[in-house]
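Pasting work.cif here (mmCIF, C-alpha atoms):
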```cif
data_run
loop_
_atom_site.label_atom_id
_atom_site.label_comp_id
_atom_site.auth_asym_id
_atom_site.auth_seq_id
_atom_site.Cartn_x
_atom_site.Cartn_y
_atom_site.Cartn_z
CA MET A 22 -42.75 0.41 -26.74
CA ALA A 23 -46.09 1.31 -28.33
CA VAL A 24 -47.17 -0.54 -31.49
CA ASP A 25 -48.88 1.50 -34.21
CA GLU A 26 -52.08 -0.26 -35.15
CA PRO A 27 -54.27 0.50 -38.19
CA THR A 28 -57.64 2.03 -37.40
CA GLU A 29 -60.45 -0.40 -38.35
CA ARG A 30 -63.92 0.65 -39.30
CA GLU A 31 -66.72 -0.62 -37.09
CA LEU A 32 -68.14 -3.94 -38.32
CA ARG A 33 -71.87 -3.55 -38.94
CA VAL A 34 -74.30 -6.53 -38.95
CA MET A 35 -76.19 -7.03 -42.24
CA PRO A 36 -79.98 -6.86 -41.48
CA TRP A 37 -82.18 -9.78 -42.62
CA TRP A 38 -84.49 -7.56 -44.59
CA LEU A 39 -81.61 -6.51 -46.84
CA VAL A 40 -81.18 -10.15 -47.92
CA LEU A 41 -84.96 -10.43 -48.43
CA ILE A 42 -84.92 -7.33 -50.60
CA GLY A 43 -82.14 -8.81 -52.67
CA LEU A 44 -84.16 -11.99 -53.23
CA LEU A 45 -87.29 -10.01 -54.14
CA VAL A 46 -85.24 -7.90 -56.55
CA ALA A 47 -83.93 -11.09 -58.20
CA VAL A 48 -87.47 -12.55 -58.47
CA ALA A 49 -88.84 -9.25 -59.75
CA LEU A 50 -86.10 -8.95 -62.30
CA GLY A 51 -86.73 -12.53 -63.45
CA TRP A 52 -90.47 -11.94 -63.60
CA LEU A 53 -89.98 -8.73 -65.57
CA VAL A 54 -87.73 -10.44 -68.08
CA LEU A 55 -90.12 -13.37 -68.30
CA ASP A 56 -93.08 -11.08 -68.88
CA LEU A 57 -91.30 -9.19 -71.65
CA LEU A 58 -90.20 -12.35 -73.37
CA LEU A 59 -93.66 -13.96 -73.12
CA THR A 60 -95.22 -10.84 -74.57
CA GLU A 61 -92.88 -11.06 -77.51
CA ALA A 62 -93.52 -14.78 -77.88
CA ASP A 63 -97.31 -14.20 -78.04
CA ARG A 64 -96.84 -12.03 -81.12
CA ALA A 65 -95.65 -15.02 -83.16
CA SER A 66 -98.19 -16.11 -85.83
CA GLN A 67 -97.42 -19.76 -85.79
CA PRO A 68 -98.54 -21.80 -82.81
CA ASP A 69 -95.42 -23.94 -82.88
CA THR A 70 -93.18 -20.95 -83.00
CA ARG A 71 -95.11 -19.26 -80.23
CA ALA A 72 -94.85 -22.32 -78.00
CA THR A 73 -91.12 -22.56 -78.61
CA LEU A 74 -90.62 -18.90 -77.84
CA ARG A 75 -92.67 -19.18 -74.66
CA ILE A 76 -90.52 -22.07 -73.51
CA ASP A 77 -87.34 -20.06 -74.25
CA ALA A 78 -88.82 -17.07 -72.43
CA ILE A 79 -89.53 -19.18 -69.36
CA ARG A 80 -86.05 -20.69 -69.52
CA THR A 81 -84.46 -17.23 -69.88
CA GLY A 82 -86.49 -15.82 -66.98
CA LEU A 83 -85.42 -18.68 -64.76
CA THR A 84 -81.82 -18.18 -65.88
CA VAL A 85 -82.01 -14.48 -64.97
CA VAL A 86 -83.48 -15.37 -61.58
CA ALA A 87 -80.83 -18.04 -61.05
CA GLY A 88 -78.00 -15.70 -62.18
CA THR A 89 -79.19 -12.89 -59.97
CA GLY A 90 -79.46 -15.30 -57.06
CA GLY A 91 -75.99 -16.65 -57.80
CA GLY A 92 -74.62 -13.11 -57.85
CA LEU A 93 -76.22 -12.46 -54.51
CA ALA A 94 -74.77 -15.73 -53.18
CA LEU A 95 -71.30 -14.78 -54.43
CA LEU A 96 -71.68 -11.38 -52.79
CA LEU A 97 -72.64 -13.00 -49.50
CA ALA A 98 -69.74 -15.46 -49.81
CA ALA A 99 -67.31 -12.57 -50.47
CA ARG A 100 -68.67 -10.74 -47.45
CA ARG A 101 -68.22 -13.84 -45.32
CA GLN A 102 -64.60 -14.16 -46.56
CA TRP A 103 -63.92 -10.49 -45.81
CA ILE A 104 -65.45 -10.88 -42.35
CA ALA A 105 -63.30 -13.97 -41.74
CA GLU A 106 -60.12 -12.18 -42.84
CA ARG A 107 -61.01 -9.17 -40.74
CA ALA A 108 -61.63 -11.42 -37.75
CA GLN A 109 -58.26 -13.09 -38.28
CA ARG A 110 -56.52 -9.69 -38.46
CA HIS A 111 -58.34 -8.64 -35.35
CA GLN A 112 -57.22 -11.79 -33.56
CA GLU A 113 -53.64 -11.18 -34.70
CA ASN A 114 -53.79 -7.57 -33.53
CA VAL A 115 -55.24 -8.66 -30.22
CA ALA A 116 -52.51 -11.29 -29.88
CA THR A 117 -49.84 -8.69 -30.76
CA ARG A 118 -51.24 -6.22 -28.23
CA ASP A 119 -51.37 -8.95 -25.64
CA GLN A 120 -47.75 -9.89 -26.38
CA VAL A 121 -46.62 -6.25 -26.21
CA HIS A 122 -48.50 -5.86 -22.95
CA ARG A 123 -46.91 -9.01 -21.56
CA ASP A 124 -43.49 -7.79 -22.71
CA ARG A 125 -44.08 -4.44 -20.99
CA VAL A 126 -45.21 -6.15 -17.85
CA GLN A 127 -42.18 -8.46 -17.98
CA ALA A 128 -39.80 -5.54 -18.62
CA HIS A 129 -41.38 -3.58 -15.79
CA ALA A 130 -41.10 -6.57 -13.47
CA GLU A 131 -37.45 -7.04 -14.46
CA ALA A 132 -36.73 -3.32 -13.97
CA VAL A 133 -38.38 -3.40 -10.56
CA ALA A 134 -36.42 -6.53 -9.63
CA GLU A 135 -33.16 -4.97 -10.89
CA ALA A 136 -33.83 -1.74 -8.97
CA ALA A 137 -34.60 -3.75 -5.87
CA GLN A 138 -31.37 -5.73 -6.39
CA ARG A 139 -29.34 -2.54 -6.81
CA HIS A 140 -30.95 -1.04 -3.75
CA GLN A 141 -30.20 -4.16 -1.79
CA GLU A 142 -26.62 -4.15 -3.06
CA ARG A 143 -26.24 -0.48 -2.12
CA GLN A 144 -27.62 -1.15 1.31
CA SER A 145 -25.36 -4.14 1.68
CA GLY A 146 -22.35 -2.16 0.42
CA ALA A 147 -23.18 0.73 2.73
CA ALA A 148 -23.50 -1.65 5.65
CA GLU A 149 -20.17 -3.29 4.78
CA HIS A 150 -18.53 0.12 4.32
CA ASP A 151 -19.88 1.33 7.66
CA ALA A 152 -18.71 -1.84 9.34
CA ALA A 153 -15.26 -1.53 7.73
CA GLU A 154 -15.03 2.14 8.70
CA ARG A 155 -16.04 1.38 12.27
CA ARG A 156 -13.49 -1.40 12.46
CA LEU A 157 -10.84 0.83 10.90
CA THR A 158 -11.63 3.61 13.36
CA GLU A 159 -11.45 1.19 16.25
CA LEU A 160 -8.09 -0.16 15.06
CA TYR A 161 -6.74 3.34 14.51
CA THR A 162 -7.95 4.56 17.89
CA ARG A 163 -6.51 1.53 19.61
CA ALA A 164 -3.13 1.95 17.88
CA VAL A 165 -2.96 5.63 18.83
CA GLU A 166 -3.82 4.73 22.42
CA LEU A 167 -0.98 2.21 22.41
CA LEU A 168 1.37 4.89 21.07
CA GLY A 169 0.50 7.09 24.03
CA ASN A 170 1.07 4.39 26.63
CA ASP A 171 3.63 4.88 29.40
CA SER A 172 5.38 1.61 28.55
CA ALA A 173 7.98 1.78 25.77
CA ALA A 174 7.21 -1.79 24.72
CA VAL A 175 3.52 -0.94 24.32
CA ARG A 176 4.42 2.16 22.31
CA LEU A 177 6.51 0.00 19.99
CA GLY A 178 3.47 -2.23 19.51
CA GLY A 179 1.40 0.84 18.68
CA LEU A 180 3.94 1.87 16.03
CA HIS A 181 3.79 -1.50 14.33
CA ALA A 182 -0.01 -1.56 14.60
CA LEU A 183 -0.20 1.80 12.82
CA GLU A 184 2.23 0.61 10.16
CA ARG A 185 0.16 -2.54 9.53
CA LEU A 186 -2.99 -0.45 9.38
CA GLY A 187 -1.44 1.83 6.76
CA GLN A 188 -0.10 -1.10 4.75
CA ASP A 189 -3.58 -2.63 4.51
CA ASN A 190 -5.46 0.67 4.05
CA PRO A 191 -3.77 3.07 1.57
CA GLY A 192 -6.28 5.82 2.30
CA GLN A 193 -5.06 6.03 5.90
CA ARG A 194 -1.38 6.41 5.07
CA PRO A 195 -1.21 10.23 5.08
CA THR A 196 -2.98 10.31 8.46
CA ILE A 197 -0.68 7.65 9.92
CA ALA A 198 2.41 9.49 8.62
CA ALA A 199 1.09 12.69 10.21
CA VAL A 200 0.59 10.87 13.54
CA LEU A 201 4.15 9.49 13.47
CA CYS A 202 5.54 12.93 12.61
CA ALA A 203 3.55 14.47 15.46
CA TYR A 204 4.95 11.83 17.82
CA LEU A 205 8.51 12.66 16.75
CA ARG A 206 7.85 16.38 17.17
CA MET A 207 6.88 15.86 20.81
CA PRO A 208 9.65 16.62 23.31
CA ALA A 209 11.60 13.50 24.21
CA PRO A 210 12.38 12.75 27.88
CA ASP A 211 16.07 13.18 28.60
CA GLY A 212 18.15 10.08 29.10
CA GLU A 213 15.46 7.45 28.43
CA ARG A 214 17.07 4.74 26.33
CA ARG A 215 13.77 2.98 25.73
CA GLU A 216 12.18 6.13 24.38
CA THR A 217 15.19 6.58 22.11
CA GLU A 218 14.55 3.13 20.65
CA VAL A 219 10.86 3.93 20.15
CA ARG A 220 11.79 7.09 18.26
CA ARG A 221 14.31 5.23 16.13
CA SER A 222 11.58 2.75 15.27
CA ALA A 223 9.17 5.55 14.37
CA GLN A 224 11.84 7.02 12.07
CA ARG A 225 12.40 3.65 10.42
CA VAL A 226 8.66 3.17 9.89
CA LEU A 227 8.51 6.49 8.05
CA THR A 228 11.62 6.08 5.92
CA ARG A 229 10.88 2.42 5.10
CA HIS A 230 7.79 3.53 3.19
CA LEU A 231 9.47 6.46 1.41
CA ARG A 232 11.74 4.36 -0.81
CA ALA A 233 10.20 4.08 -4.28
CA ASP A 234 12.10 0.89 -5.11
CA ASP A 235 10.62 -0.90 -2.09
CA ALA A 236 7.48 -3.03 -2.32
CA ALA A 237 6.21 -1.29 0.83
CA HIS A 238 6.43 2.18 -0.76
CA TRP A 239 3.74 4.66 0.27
CA PRO A 240 3.71 7.30 -2.50
CA GLU A 241 3.06 11.02 -2.10
CA LEU A 242 3.65 11.15 1.66
CA THR A 243 4.69 14.51 3.07
CA LEU A 244 6.80 14.83 6.20
CA ASP A 245 6.33 17.62 8.70
CA LEU A 246 9.14 17.13 11.21
CA ALA A 247 9.69 20.78 12.04
CA GLY A 248 11.31 21.04 15.46
CA ALA A 249 11.61 17.27 15.85
CA THR A 250 14.55 15.54 17.50
CA LEU A 251 15.84 12.81 15.18
CA ILE A 252 18.49 10.23 16.02
CA ASP A 253 20.72 8.79 13.27
CA PHE A 254 18.03 9.70 10.77
CA ASP A 255 18.48 7.58 7.63
CA ALA A 256 16.59 8.82 4.56
CA ALA A 257 19.00 7.30 2.03
CA GLY A 258 17.21 6.53 -1.24
CA CYS A 259 13.93 8.05 -0.04
CA THR A 260 11.59 10.21 -2.09
CA LEU A 261 10.74 13.29 -0.06
CA VAL A 262 7.73 15.38 -1.09
CA ASP A 263 7.63 18.89 0.42
CA ALA A 264 9.53 17.69 3.48
CA ASN A 265 9.82 20.15 6.36
CA PHE A 266 12.68 19.77 8.86
CA THR A 267 12.81 23.39 9.97
CA ASP A 268 14.44 23.78 13.42
CA ALA A 269 14.89 19.99 13.68
CA VAL A 270 17.72 18.59 15.79
CA PHE A 271 19.61 15.72 14.11
CA THR A 272 21.90 13.80 16.46
CA GLY A 273 24.40 11.18 15.36
CA THR A 274 24.92 10.62 11.64
CA THR A 275 22.17 11.86 9.34
CA THR A 276 22.06 10.70 5.74
CA PHE A 277 20.06 11.78 2.73
CA SER A 278 22.36 9.94 0.29
CA GLY A 279 20.74 9.12 -3.03
CA ALA A 280 17.45 10.68 -1.95
CA THR A 281 15.11 12.48 -4.33
CA THR A 282 13.22 15.60 -3.30
CA ARG A 283 10.06 16.85 -5.00
CA GLY A 284 8.87 20.27 -4.00
CA ARG A 285 10.74 22.17 -1.32
CA LEU A 286 13.15 20.64 1.15
CA LEU A 287 13.12 22.83 4.25
CA LEU A 288 16.05 22.44 6.64
CA ALA A 289 16.31 26.03 7.80
CA ALA A 290 17.81 26.45 11.30
CA ALA A 291 18.28 22.68 11.65
CA THR A 292 21.17 21.33 13.75
CA PHE A 293 23.33 18.36 12.71
CA ASP A 294 26.20 16.37 14.13
CA ASP A 295 27.30 14.72 10.88
CA VAL A 296 25.20 14.87 7.70
CA VAL A 297 25.64 13.23 4.30
CA PHE A 298 23.72 14.40 1.21
CA ASP A 299 25.88 12.58 -1.38
CA GLY A 300 24.03 11.94 -4.65
CA LEU A 301 20.85 13.72 -3.61
CA THR A 302 18.66 14.95 -6.49
CA ALA A 303 16.57 18.00 -5.66
CA ASP A 304 13.86 19.02 -8.12
CA GLY A 305 12.67 21.89 -5.93
CA GLU A 306 14.30 24.57 -3.85
CA VAL A 307 16.46 23.49 -0.92
CA LEU A 308 16.61 25.81 2.10
CA LEU A 309 19.58 25.41 4.45
CA ASP A 310 19.47 28.92 5.87
CA GLY A 311 20.84 29.09 9.39
CA ILE A 312 21.78 25.40 9.72
CA ARG A 313 24.48 24.34 12.17
CA VAL A 314 26.67 21.34 11.40
CA GLY A 315 29.00 20.26 14.17
CA GLY A 316 30.88 17.62 12.18
CA LEU A 317 31.16 16.41 8.58
CA ALA A 318 28.86 17.89 5.95
CA SER A 319 29.12 16.05 2.63
CA PHE A 320 27.24 17.19 -0.48
CA ASP A 321 29.33 15.32 -3.06
CA GLY A 322 27.55 14.83 -6.38
CA VAL A 323 24.39 16.61 -5.26
CA ALA A 324 22.16 18.09 -8.00
CA PHE A 325 20.31 21.23 -6.86
CA ALA A 326 18.13 21.77 -9.93
CA ASP A 327 16.13 24.66 -8.46
CA GLY A 328 18.82 26.35 -6.47
CA LEU A 329 20.15 26.34 -2.93
CA SER A 330 19.84 28.88 -0.17
CA CYS A 331 22.45 28.37 2.57
CA ARG A 332 22.74 31.81 4.14
CA ARG A 333 24.01 32.48 7.65
CA ALA A 334 24.87 28.79 8.09
CA ARG A 335 27.78 27.42 10.10
CA PHE A 336 29.87 24.36 9.23
CA ALA A 337 32.18 23.38 12.08
CA GLY A 338 33.67 20.37 10.29
CA LEU A 339 34.73 19.55 6.76
CA ALA A 340 32.21 20.77 4.15
CA SER A 341 32.47 19.03 0.81
CA PHE A 342 30.54 19.98 -2.35
CA HIS A 343 32.74 17.94 -4.70
CA LEU A 344 31.18 17.68 -8.20
CA ALA A 345 27.92 19.23 -6.98
CA THR A 346 25.63 20.89 -9.54
CA PHE A 347 23.73 24.09 -8.81
CA GLY A 348 21.05 24.78 -11.43
CA GLN A 349 19.53 28.03 -10.19
CA PRO A 350 20.81 31.00 -8.16
CA THR A 351 22.75 29.79 -5.14
CA SER A 352 23.55 31.76 -2.02
CA PHE A 353 26.06 31.14 0.77
CA ASP A 354 25.90 34.74 2.03
CA ALA A 355 27.19 35.27 5.58
CA THR A 356 27.94 31.55 5.99
CA ARG A 357 30.95 30.47 8.03
CA PHE A 358 33.08 27.45 7.16
CA GLU A 359 35.18 26.75 10.25
CA ASP A 360 37.02 23.81 8.68
CA ALA A 361 38.13 23.12 5.13
CA ALA A 362 35.53 23.63 2.39
CA THR A 363 35.82 22.14 -1.06
CA PHE A 364 33.82 22.90 -4.18
CA ARG A 365 36.24 21.02 -6.44
CA GLY A 366 34.65 20.34 -9.85
CA ALA A 367 31.36 21.96 -8.84
CA VAL A 368 29.16 23.47 -11.56
CA PHE A 369 27.22 26.68 -10.89
CA ASP A 370 24.76 27.10 -13.77
CA GLY A 371 22.94 29.87 -11.91
CA ALA A 372 24.35 32.93 -10.22
CA LEU A 373 26.48 32.36 -7.11
CA SER A 374 26.59 34.71 -4.15
CA MET A 375 29.16 34.27 -1.37
CA GLU A 376 29.10 37.79 -0.01
CA HIS A 377 30.33 38.17 3.59
CA THR A 378 31.09 34.44 3.62
CA GLU A 379 33.98 33.36 5.82
CA PHE A 380 36.35 30.45 5.17
CA ALA A 381 38.40 29.84 8.33
CA ARG A 382 40.41 27.07 6.65
CA SER A 383 41.21 26.34 3.00
CA ALA A 384 38.61 27.04 0.30
CA ASN A 385 39.06 24.82 -2.75
CA PHE A 386 37.33 25.75 -6.02
CA HIS A 387 39.71 23.77 -8.25
CA SER A 388 38.18 23.16 -11.72
CA ALA A 389 34.86 24.69 -10.66
CA ARG A 390 32.69 26.12 -13.45
CA PHE A 391 30.76 29.38 -13.02
CA ALA A 392 28.28 29.81 -15.88
CA ASN A 393 26.70 32.93 -14.40
CA MET A 394 27.72 35.80 -12.20
CA ALA A 395 29.92 34.83 -9.22
CA LEU A 396 30.02 37.23 -6.28
CA PHE A 397 32.76 36.94 -3.63
CA ARG A 398 32.48 40.48 -2.30
CA TRP A 399 33.54 40.96 1.33
CA THR A 400 34.39 37.26 1.45
CA VAL A 401 37.06 36.32 4.00
CA PHE A 402 39.51 33.57 3.01
CA GLY A 403 41.26 32.64 6.27
CA ALA A 404 43.58 30.10 4.60
CA GLU A 405 44.39 29.02 1.04
CA ALA A 406 41.97 30.16 -1.63
CA LEU A 407 42.40 27.78 -4.56
CA PHE A 408 40.71 28.65 -7.87
CA ASP A 409 43.16 26.75 -10.09
CA ARG A 410 41.68 25.80 -13.48
CA ALA A 411 38.32 27.27 -12.58
CA HIS A 412 36.25 28.70 -15.42
CA PHE A 413 34.31 31.97 -15.06
CA ILE A 414 31.99 32.31 -18.06
CA ASP A 415 30.30 35.47 -16.72
CA ALA A 416 31.41 38.25 -14.41
CA ALA A 417 33.45 37.48 -11.29
CA ASN A 418 33.55 39.98 -8.45
CA PHE A 419 36.06 39.76 -5.55
CA GLY A 420 35.59 43.37 -4.41
CA ARG A 421 36.74 44.01 -0.81
CA ALA A 422 37.51 40.33 -0.28
CA ARG A 423 40.19 39.39 2.29
CA PHE A 424 42.87 36.80 1.51
CA HIS A 425 44.64 35.88 4.76
CA SER A 426 46.80 33.28 3.04
CA MET A 427 47.92 32.22 -0.39
CA ALA A 428 45.49 32.81 -3.27
CA SER A 429 45.95 30.78 -6.43
CA PHE A 430 44.28 31.43 -9.81
CA ARG A 431 46.66 29.29 -11.86
CA ASP A 432 45.23 28.44 -15.31
CA THR A 433 41.93 30.03 -14.34
CA GLN A 434 39.83 31.17 -17.29
CA PHE A 435 37.93 34.47 -17.21
CA SER A 436 35.62 35.64 -19.98
CA ARG A 437 36.21 39.17 -18.72
CA PRO A 438 38.69 40.61 -16.20
CA PRO A 439 37.54 39.92 -12.64
CA GLN A 440 36.60 42.84 -10.39
CA VAL A 441 38.91 43.05 -7.39
CA GLU A 442 38.47 46.68 -6.29
CA GLN A 443 39.68 47.20 -2.72
CA ALA A 444 40.38 43.50 -2.16
CA ARG A 445 43.23 42.85 0.25
CA ALA A 446 45.71 40.01 0.62
CA VAL A 447 48.53 39.25 3.01
CA ALA A 448 51.97 39.56 1.53
CA ASP A 449 52.71 36.01 0.42
CA PRO A 450 55.14 35.05 -2.33
CA GLY A 451 52.91 32.11 -3.28
CA HIS A 452 50.08 34.24 -4.67
CA ARG A 453 49.09 33.47 -8.26
CA TRP A 454 46.78 36.29 -9.32
CA PRO A 455 44.77 36.46 -12.56
CA ALA A 456 46.64 37.95 -15.48
CA ASP A 457 46.85 41.75 -15.60
CA THR A 458 45.82 42.08 -11.94
CA THR A 459 47.14 45.29 -10.38
CA VAL A 460 48.61 44.71 -6.92
CA GLN A 461 49.78 47.50 -4.67
CA ARG A 462 51.57 47.19 -1.34
CA LEU A 463 49.80 48.83 1.57
CA ASP A 464 52.39 47.95 4.21
CA ASP A 465 54.67 45.12 5.18
CA GLU A 466 51.74 42.73 5.75
CA TRP A 467 49.01 43.66 3.31
CA LEU A 468 48.57 44.03 -0.43
CA LEU A 469 45.80 45.98 -2.17
CA LEU A 470 44.17 44.81 -5.39
CA VAL A 471 42.62 47.46 -7.63
CA ASP A 472 40.69 47.41 -10.90
CA ARG A 473 42.32 48.97 -13.91
#
```
Represent the structure of the file as structure tokens.
Amino acid sequence: MAVDEPTERELRVMPWWLVLIGLLVAVALGWLVLDLLLTEADRASQPDTRATLRIDAIRTGLTVVAGTGGGLALLLAARRQWIAERAQRHQENVATRDQVHRDRVQAHAEAVAEAAQRHQERQSGAAEHDAAERRLTELYTRAVELLGNDSAAVRLGGLHALERLGQDNPGQRPTIAAVLCAYLRMPAPDGERRETEVRRSAQRVLTRHLRADDAAHWPELTLDLAGATLIDFDAAGCTLVDANFTDAVFTGTTTFSGATTRGRLLLAAATFDDVVFDGLTADGEVLLDGIRVGGLASFDGVAFADGLSCRRARFAGLASFHLATFGQPTSFDATRFEDAATFRGAVFDGALSMEHTEFARSANFHSARFANMALFRWTVFGAEALFDRAHFIDAANFGRARFHSMASFRDTQFSRPPQVEQARAVADPGHRWPADTTVQRLDDEWLLLVDR
């Protein structure tokens, strides 16, 4: 930082002749005064008076000379004092400038040293980072090589090596999850029990790190298991982010109980033996279009906040949606339920479409609540159709539906008369139709329902 310094005039040396002139001036002034006084003294008439005046004149002249000389001495003393003060100020200024210069030099030296230290630290950090990256790459490459080994035991070791690598290096977790998903998507050799165990282990590695309440949780992982073959897949309590299981084959018992989905859950065209979704919470859309379930399918207590699409699906075993909640438009169009299906106590906050849906066994909608439009057009009820105590807040349309067994709407609430135009039902004395429903007999076997 620069220091503002006052500008000093150049110090000039007093020449010797100037002092001499001052002395001559003092002597001349004294001589002049003395001469004037002596002249006046000589005019006195008395000798005694003249002598006294001459003595006073001489004394006065000497006094003038002495006073003038004293004045000159005081002037020289003042000049010496001024020069001394100026010299002291100059020394102080010089000392200040020297100190400022030393401070600047010290600050510059410190800045250079700090920059050198930072540079050294950056180089050291870069070297450490490069070494860590090289080691990480080596570990990753080695683990992947183990996963591709012909020996099942070595592949298991590769799985655990990848898991340990991801546990210690959070930045590698998405890549490791992608590698494990790719491994599971690869075709599995038929009949190899050891490979089955390796795949089970790979599944467990993935799901173990998808549970948010677990200390080993790896957040924000996405699963791409489209077309994979999964064995007794257990995702209970997992958090699934944009999970893709399209065309996957699930053997054994599959469970998503208590899981939470964020984003879309894609299960279109997947195949299941038995599957349990009880208590699942879905924040995004769930796609079950074209799924095939050979055994039990349980969706009890599921919350589909953003809707469900389950078109052209097939449920060979019991399908249970007991107390399920459907927040957005839901579609079961062209789906076939080959065993009993229950929606007892289900809540449909969005529109429901079950057009061309087929229930081969009983369809139970007891105490279900339909807050929006409910479409059952061309729906085939192969056994009992139970809508007892259901509540239709909006329109309900059963146009051209087929009731092959008893239909019951006992204590069912409709905000407006349901549409039943051209719906048909077998002649069964156990039918309990909505109030004011017009029923006509077609023949000995079939009844026709018409709108008024």
Given the file above and the PyMOL selection byres ((chain A and resi 174) around 12), which residues are selected, and can you give them as an mmCIF file with C-alpha atoms, keeping the file's coordinate frame?
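Final file, result18.cif:
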```cif
data_model
loop_
_atom_site.group_PDB
_atom_site.id
_atom_site.type_symbol
_atom_site.label_atom_id
_atom_site.label_comp_id
_atom_site.auth_asym_id
_atom_site.auth_seq_id
_atom_site.Cartn_x
_atom_site.Cartn_y
_atom_site.Cartn_z
ATOM 1 C CA LEU A 167 -0.980 2.210 22.410
ATOM 2 C CA LEU A 168 1.370 4.890 21.070
ATOM 3 C CA GLY A 169 0.500 7.090 24.030
ATOM 4 C CA ASN A 170 1.070 4.390 26.630
ATOM 5 C CA ASP A 171 3.630 4.880 29.400
ATOM 6 C CA SER A 172 5.380 1.610 28.550
ATOM 7 C CA ALA A 173 7.980 1.780 25.770
ATOM 8 C CA VAL A 175 3.520 -0.940 24.320
ATOM 9 C CA ARG A 176 4.420 2.160 22.310
ATOM 10 C CA LEU A 177 6.510 0.000 19.990
ATOM 11 C CA GLY A 178 3.470 -2.230 19.510
ATOM 12 C CA GLY A 179 1.400 0.840 18.680
ATOM 13 C CA LEU A 180 3.940 1.870 16.030
ATOM 14 C CA HIS A 181 3.790 -1.500 14.330
ATOM 15 C CA ARG A 214 17.070 4.740 26.330
ATOM 16 C CA ARG A 215 13.770 2.980 25.730
ATOM 17 C CA GLU A 216 12.180 6.130 24.380
ATOM 18 C CA THR A 217 15.190 6.580 22.110
ATOM 19 C CA GLU A 218 14.550 3.130 20.650
ATOM 20 C CA VAL A 219 10.860 3.930 20.150
ATOM 21 C CA ARG A 220 11.790 7.090 18.260
ATOM 22 C CA SER A 222 11.580 2.750 15.270
#
```
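From atom CA of A:Ala361 back to atom CA of A:Ala291, the distance works out to 20.9 Å.
Nearest to A:Phe266 of all the residues A:Glu213, A:Asp295, A:Asp245, A:Glu131 is A:Asp245, counting all atoms listed in the file.
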Near A:Arg225, counting only C-alpha atoms, which residues have an atom at most 10 Å away, once you skip same-chain residues fewer than 5 positions from it, shown as a ChimeraX atom specification? /A:219-220,230-231,254-256
Residues returned when the PyMOL selection byres ((chain A and resi 298-307) around 10) runs on this file, as JSON, numbers by chain: {"A": [256, 257, 258, 259, 260, 261, 262, 263, 275, 276, 277, 278, 279, 280, 281, 282, 283, 284, 285, 286, 287, 288, 289, 296, 297, 308, 309, 310, 318, 319, 320, 321, 322, 323, 324, 325, 326, 327, 328, 329, 330, 331, 341, 342, 343, 344, 345, 346, 347, 348, 349, 351]}
I need the residue set behind the PyMOL selection byres ((chain A and resi 389) around 9) for this file; please write it as a PyMOL selection string. chain A and resi 344+364-369+385-388+390-391+408-413
Six-sided padding of 5 Å per side, axis-aligned box over stretch 323-338 of chain A, centre and edges in Å, one decimal, as JSON:
```
{"center_x": 24.9, "center_y": 24.5, "center_z": 1.1, "size_x": 27.5, "size_y": 25.9, "size_z": 32.0}
```
Report, in Å with one decimal, the straight-line distance from atom CA of A:His129 to atom CA of A:Glu142. 19.5 Å
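Look at everything within 6 Å of (30.7, 25.1, 12.4) using all atoms listed in the file, and the residues you get are Val314, Gly315, Arg335, Phe336, Ala337, Gly338 and Glu359 of chain A.
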Repaired coordinates for stretch 140-146 of chain A (N, CA, C and O atoms) as a JSON list (two decimals), in the frame of the given file:
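Result file result.json:
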```json
[["chain", "number", "residue", "atom", "x", "y", "z"],
["A", 140, "HIS", "N", -30.72, -1.64, -5.06],
["A", 140, "HIS", "CA", -30.95, -1.04, -3.75],
["A", 140, "HIS", "C", -30.42, -1.93, -2.64],
["A", 140, "HIS", "O", -29.77, -1.46, -1.69],
["A", 141, "GLN", "N", -30.69, -3.22, -2.80],
["A", 141, "GLN", "CA", -30.20, -4.16, -1.79],
["A", 141, "GLN", "C", -28.67, -4.19, -1.77],
["A", 141, "GLN", "O", -28.05, -4.22, -0.71],
["A", 142, "GLU", "N", -28.08, -4.15, -2.99],
["A", 142, "GLU", "CA", -26.62, -4.15, -3.06],
["A", 142, "GLU", "C", -26.05, -2.87, -2.45],
["A", 142, "GLU", "O", -25.02, -2.91, -1.75],
["A", 143, "ARG", "N", -26.71, -1.72, -2.72],
["A", 143, "ARG", "CA", -26.24, -0.48, -2.12],
["A", 143, "ARG", "C", -26.35, -0.52, -0.60],
["A", 143, "ARG", "O", -25.44, -0.08, 0.11],
["A", 144, "GLN", "N", -27.48, -1.04, -0.13],
["A", 144, "GLN", "CA", -27.62, -1.15, 1.31],
["A", 144, "GLN", "C", -26.57, -2.08, 1.90],
["A", 144, "GLN", "O", -25.98, -1.79, 2.94],
["A", 145, "SER", "N", -26.35, -3.20, 1.19],
["A", 145, "SER", "CA", -25.36, -4.14, 1.68],
["A", 145, "SER", "C", -23.96, -3.52, 1.64],
["A", 145, "SER", "O", -23.18, -3.66, 2.59],
["A", 146, "GLY", "N", -23.66, -2.82, 0.52],
["A", 146, "GLY", "CA", -22.35, -2.16, 0.42],
["A", 146, "GLY", "C", -22.18, -1.08, 1.48],
["A", 146, "GLY", "O", -21.10, -0.94, 2.06]]
```
